[in-house]
file protein_12.cif (mmCIF, C-alpha atoms, pLDDT in the B column; chains and numbers go by the auth columns)
data_data
loop_
_atom_site.group_PDB
_atom_site.id
_atom_site.type_symbol
_atom_site.label_atom_id
_atom_site.label_comp_id
_atom_site.label_asym_id
_atom_site.label_seq_id
_atom_site.Cartn_x
_atom_site.Cartn_y
_atom_site.Cartn_z
_atom_site.B_iso_or_equiv
_atom_site.auth_seq_id
_atom_site.auth_asym_id
ATOM 1 C CA MET A 1 0.000 0.000 0.000 42.00 16 A
ATOM 2 C CA THR A 2 1.289 3.464 -0.901 44.00 17 A
ATOM 3 C CA LEU A 3 0.292 6.554 1.013 45.00 18 A
ATOM 4 C CA LEU A 4 0.895 10.029 -0.401 43.00 19 A
ATOM 5 C CA VAL A 5 0.569 12.944 1.977 43.00 20 A
ATOM 6 C CA GLY A 6 0.800 16.624 1.078 45.00 21 A
ATOM 7 C CA CYS A 7 2.841 19.022 3.172 51.00 22 A
ATOM 8 C CA ALA A 8 0.928 21.748 4.954 54.00 23 A
ATOM 9 C CA ALA A 9 3.961 24.044 5.156 60.00 24 A
ATOM 10 C CA THR A 10 6.282 23.426 2.226 63.00 25 A
ATOM 11 C CA ASN A 11 9.787 24.837 2.579 63.00 26 A
ATOM 12 C CA HIS A 12 10.691 25.726 -1.014 61.00 27 A
ATOM 13 C CA TYR A 13 14.164 26.819 0.058 59.00 28 A
ATOM 14 C CA LEU A 14 15.179 23.204 0.669 63.00 29 A
ATOM 15 C CA ILE A 15 15.665 22.816 -3.097 62.00 30 A
ATOM 16 C CA HIS A 16 15.518 26.413 -4.391 66.00 31 A
ATOM 17 C CA PRO A 17 17.848 29.367 -3.675 67.00 32 A
ATOM 18 C CA ARG A 18 17.317 31.677 -0.689 75.00 33 A
ATOM 19 C CA LYS A 19 18.240 34.712 -2.781 83.00 34 A
ATOM 20 C CA ALA A 20 18.207 35.568 -6.467 79.00 35 A
ATOM 21 C CA ALA A 21 21.385 35.125 -8.478 80.00 36 A
ATOM 22 C CA PRO A 22 23.011 38.522 -9.200 84.00 37 A
ATOM 23 C CA GLU A 23 22.137 38.371 -12.907 89.00 38 A
ATOM 24 C CA VAL A 24 18.433 37.589 -12.335 92.00 39 A
ATOM 25 C CA ILE A 25 16.080 40.536 -12.853 92.00 40 A
ATOM 26 C CA VAL A 26 13.168 40.645 -10.370 91.00 41 A
ATOM 27 C CA TRP A 27 10.008 42.746 -10.133 89.00 42 A
ATOM 28 C CA SER A 28 6.567 42.816 -8.564 90.00 43 A
ATOM 29 C CA ALA A 29 3.308 44.507 -9.517 90.00 44 A
ATOM 30 C CA ASP A 30 -0.387 44.655 -8.737 89.00 45 A
ATOM 31 C CA PHE A 31 -3.124 44.557 -11.367 85.00 46 A
ATOM 32 C CA ALA A 32 -6.890 44.743 -11.152 84.00 47 A
ATOM 33 C CA ARG A 33 -9.821 44.186 -13.444 82.00 48 A
ATOM 34 C CA ASP A 34 -13.436 44.347 -12.316 84.00 49 A
ATOM 35 C CA ALA A 35 -13.663 42.362 -9.039 86.00 50 A
ATOM 36 C CA LEU A 36 -10.293 40.594 -9.406 87.00 51 A
ATOM 37 C CA LYS A 37 -6.998 41.848 -7.974 88.00 52 A
ATOM 38 C CA VAL A 38 -3.731 40.055 -8.840 87.00 53 A
ATOM 39 C CA HIS A 39 -0.339 40.438 -7.162 89.00 54 A
ATOM 40 C CA ILE A 40 2.619 39.111 -9.144 89.00 55 A
ATOM 41 C CA GLU A 41 6.265 38.494 -8.341 92.00 56 A
ATOM 42 C CA GLY A 42 8.433 38.015 -11.407 92.00 57 A
ATOM 43 C CA ALA A 43 11.972 36.979 -12.267 92.00 58 A
ATOM 44 C CA ARG A 44 13.764 36.675 -15.594 91.00 59 A
ATOM 45 C CA PRO A 45 17.220 36.080 -16.996 93.00 60 A
ATOM 46 C CA PRO A 46 19.262 39.020 -18.293 91.00 61 A
ATOM 47 C CA GLY A 47 19.063 39.982 -21.952 89.00 62 A
ATOM 48 C CA VAL A 48 16.292 40.742 -24.394 85.00 63 A
ATOM 49 C CA GLY A 49 14.951 37.234 -24.945 78.00 64 A
ATOM 50 C CA PRO A 50 12.528 35.954 -25.998 88.00 65 A
ATOM 51 C CA PHE A 51 12.400 33.572 -23.039 90.00 66 A
ATOM 52 C CA PRO A 52 9.905 30.805 -22.315 90.00 67 A
ATOM 53 C CA THR A 53 7.453 31.934 -19.624 88.00 68 A
ATOM 54 C CA LEU A 54 6.070 29.921 -16.717 88.00 69 A
ATOM 55 C CA LEU A 55 3.224 30.873 -14.388 87.00 70 A
ATOM 56 C CA VAL A 56 3.748 29.661 -10.826 86.00 71 A
ATOM 57 C CA HIS A 57 0.576 29.366 -8.766 83.00 72 A
ATOM 58 C CA PRO A 58 1.244 29.048 -5.028 81.00 73 A
ATOM 59 C CA GLU A 59 -0.243 26.068 -3.255 78.00 74 A
ATOM 60 C CA GLU A 60 -2.973 26.337 -0.624 74.00 75 A
ATOM 61 C CA GLU A 61 -2.433 29.357 1.631 77.00 76 A
ATOM 62 C CA GLU A 62 0.908 30.432 0.126 82.00 77 A
ATOM 63 C CA THR A 63 1.340 33.773 -1.647 85.00 78 A
ATOM 64 C CA ALA A 64 3.363 34.980 -4.622 86.00 79 A
ATOM 65 C CA PRO A 65 6.272 36.166 -2.407 87.00 80 A
ATOM 66 C CA ASP A 66 6.420 32.660 -0.904 86.00 81 A
ATOM 67 C CA MET A 67 7.419 31.434 -4.375 87.00 82 A
ATOM 68 C CA HIS A 68 10.576 33.578 -4.619 91.00 83 A
ATOM 69 C CA GLY A 69 12.947 30.610 -4.455 90.00 84 A
ATOM 70 C CA VAL A 70 11.044 28.821 -7.203 89.00 85 A
ATOM 71 C CA ILE A 71 10.915 31.777 -9.608 91.00 86 A
ATOM 72 C CA TRP A 72 14.537 32.769 -8.922 93.00 87 A
ATOM 73 C CA ASP A 73 15.660 29.232 -9.691 90.00 88 A
ATOM 74 C CA LEU A 74 13.672 29.150 -12.934 93.00 89 A
ATOM 75 C CA ALA A 75 15.013 32.575 -14.008 94.00 90 A
ATOM 76 C CA ALA A 76 18.591 31.430 -13.398 94.00 91 A
ATOM 77 C CA ARG A 77 17.854 28.519 -15.771 92.00 92 A
ATOM 78 C CA GLY A 78 16.611 30.758 -18.616 93.00 93 A
ATOM 79 C CA TYR A 79 12.877 31.169 -17.958 92.00 94 A
ATOM 80 C CA VAL A 80 10.662 34.127 -17.207 91.00 95 A
ATOM 81 C CA ALA A 81 8.825 32.991 -14.073 91.00 96 A
ATOM 82 C CA ILE A 82 5.783 34.770 -12.679 91.00 97 A
ATOM 83 C CA ALA A 83 4.191 33.833 -9.358 89.00 98 A
ATOM 84 C CA ALA A 84 0.674 35.135 -8.851 88.00 99 A
ATOM 85 C CA ASP A 85 -1.871 35.280 -6.087 86.00 100 A
ATOM 86 C CA TYR A 86 -5.437 36.454 -6.432 87.00 101 A
ATOM 87 C CA HIS A 87 -7.989 38.353 -4.393 87.00 102 A
ATOM 88 C CA ARG A 88 -11.630 38.700 -5.374 87.00 103 A
ATOM 89 C CA TRP A 89 -14.122 41.319 -4.188 87.00 104 A
ATOM 90 C CA ILE A 90 -16.503 39.319 -1.986 87.00 105 A
ATOM 91 C CA GLY A 91 -18.786 40.660 0.727 89.00 106 A
ATOM 92 C CA GLY A 92 -17.499 44.212 0.584 90.00 107 A
ATOM 93 C CA ARG A 93 -13.744 43.512 0.594 89.00 108 A
ATOM 94 C CA TYR A 94 -10.990 41.752 -1.349 87.00 109 A
ATOM 95 C CA ARG A 95 -10.465 38.179 -0.128 83.00 110 A
ATOM 96 C CA ARG A 96 -8.219 35.281 -1.056 81.00 111 A
ATOM 97 C CA ASN A 97 -10.187 32.828 -3.102 75.00 112 A
ATOM 98 C CA MET A 98 -9.444 29.350 -4.449 70.00 113 A
ATOM 99 C CA PHE A 99 -11.706 29.993 -7.471 75.00 114 A
ATOM 100 C CA ALA A 100 -10.603 33.481 -8.467 74.00 115 A
ATOM 101 C CA TRP A 101 -11.028 33.066 -12.244 76.00 116 A
ATOM 102 C CA ARG A 102 -14.671 33.447 -13.169 76.00 117 A
ATOM 103 C CA SER A 103 -14.492 34.809 -16.709 78.00 118 A
ATOM 104 C CA THR A 104 -12.285 34.866 -19.774 79.00 119 A
ATOM 105 C CA GLY A 105 -11.238 38.381 -18.743 77.00 120 A
ATOM 106 C CA ASP A 106 -9.983 37.059 -15.412 76.00 121 A
ATOM 107 C CA LEU A 107 -7.865 34.447 -17.156 75.00 122 A
ATOM 108 C CA THR A 108 -6.411 36.903 -19.661 77.00 123 A
ATOM 109 C CA LEU A 109 -5.406 39.391 -16.937 77.00 124 A
ATOM 110 C CA ILE A 110 -2.535 37.166 -15.779 73.00 125 A
ATOM 111 C CA ILE A 111 -1.581 36.311 -19.365 72.00 126 A
ATOM 112 C CA LEU A 112 -1.404 40.010 -20.288 73.00 127 A
ATOM 113 C CA THR A 113 1.126 40.589 -17.504 69.00 128 A
ATOM 114 C CA THR A 114 3.556 38.420 -19.488 64.00 129 A
ATOM 115 C CA ALA A 115 3.096 40.207 -22.847 57.00 130 A
ATOM 116 C CA PRO A 116 5.419 43.231 -23.063 52.00 131 A
ATOM 117 C CA SER A 117 3.267 45.115 -25.575 37.00 132 A
ATOM 118 C CA GLU A 118 -0.063 44.525 -23.829 38.00 133 A
ATOM 119 C CA LYS A 119 0.642 44.853 -20.114 39.00 134 A
ATOM 120 C CA PRO A 120 -2.267 46.163 -18.072 40.00 135 A
ATOM 121 C CA THR A 121 -1.551 49.284 -16.104 41.00 136 A
ATOM 122 C CA PRO A 122 -0.151 48.495 -12.640 43.00 137 A
ATOM 123 C CA ARG A 123 -2.432 49.562 -9.846 40.00 138 A
ATOM 124 C CA ALA A 124 -0.697 51.890 -7.428 38.00 139 A
ATOM 125 C CA GLY A 125 -0.852 51.039 -3.744 37.00 140 A
ATOM 126 C CA GLY A 126 -2.232 47.521 -4.223 37.00 141 A
#
call {"tool": "encode", "arguments": {"input": "protein_12.cif", "output": "structure tokens"}}
result
Amino acid sequence: MTLLVGCAATNHYLIHPRKAAPEVIVWSADFARDALKVHIEGARPPGVGPFPTLLVHPEEEETAPDMHGVIWDLAARGYVAIAADYHRWIGGRYRRNMFAWRSTGDLTLIILTTAPSEKPTPRAGG
């Protein structure tokens, strides 16, 4: 019999770096559309690219900043890596939500953050 158990508190730094390599370019931004707010943390290799892009969705109660080690590792290996977490307007305030995408527009918001010519305008102050 095989038993697989998930970890409630994953330590990504056991296999990923604790800080970004000096050549890795990092950024963060906040975007919003309708009732959806997205916070992203990004990392990419130096140069003009193009580079393959990966979206990193944090597990369970983790946030985009919790994925730093993962995205820094990917960027050091030649990828643009974007970690994202989502908040949806529910009951009069923005809340974390496991089912944040509810329309095609919600899905395309995160994709547009990766397209240099079509980036949505960052929202100041989160």
call {"tool": "resolve_selection", "arguments": {"input": "protein_12.cif", "expression": "the PyMOL selection byres ((chain A and resi 96-111) around 6)", "output": "MDAnalysis selection string"}}
result
chainID A and resid 50:58 68:72 78:79 86 94:95 112
call {"tool": "resolve_selection", "arguments": {"input": "protein_12.cif", "expression": "the PyMOL selection byres ((chain A and resi 64-66) around 12)", "output": "PyMOL selection string"}}
result
chain A and resi 58-63+67-69+89-96+129-131
call {"tool": "closest_atom_pairs", "arguments": {"input": "protein_12.cif", "of": "segment 70-98 of chain A", "to": "segment 113-123 of chain A", "cutoff": "10 Å", "atoms": "all atoms listed in the file", "output": "JSON lines"}}
result
{"residue": "A:Glu74", "atom": "CA", "partner": "A:Met113", "partner_atom": "CA", "distance": 9.8}
{"residue": "A:Glu75", "atom": "CA", "partner": "A:Met113", "partner_atom": "CA", "distance": 8.1}
{"residue": "A:Glu76", "atom": "CA", "partner": "A:Met113", "partner_atom": "CA", "distance": 9.3}
call {"tool": "atom_distance", "arguments": {"input": "protein_12.cif", "atom1": "atom CA of Trp87 of chain A", "atom2": "atom CA of Pro73 of chain A"}}
result
14.3 Å
call {"tool": "atom_distance", "arguments": {"input": "protein_12.cif", "atom1": "atom CA of Val85 of chain A", "atom2": "atom CA of Asp49 of chain A"}}
result
29.4 Å
call {"tool": "atom_distance", "arguments": {"input": "protein_12.cif", "atom1": "atom CA of Ala36 of chain A", "atom2": "atom CA of Asp88 of chain A"}}
result
8.3 Å
call {"tool": "closest_residue", "arguments": {"input": "protein_12.cif", "among": "A:Leu124, A:His83, A:Arg33, A:Glu77", "to": "Phe46 of chain A", "atoms": "only C-alpha atoms"}}
result
A:Leu124
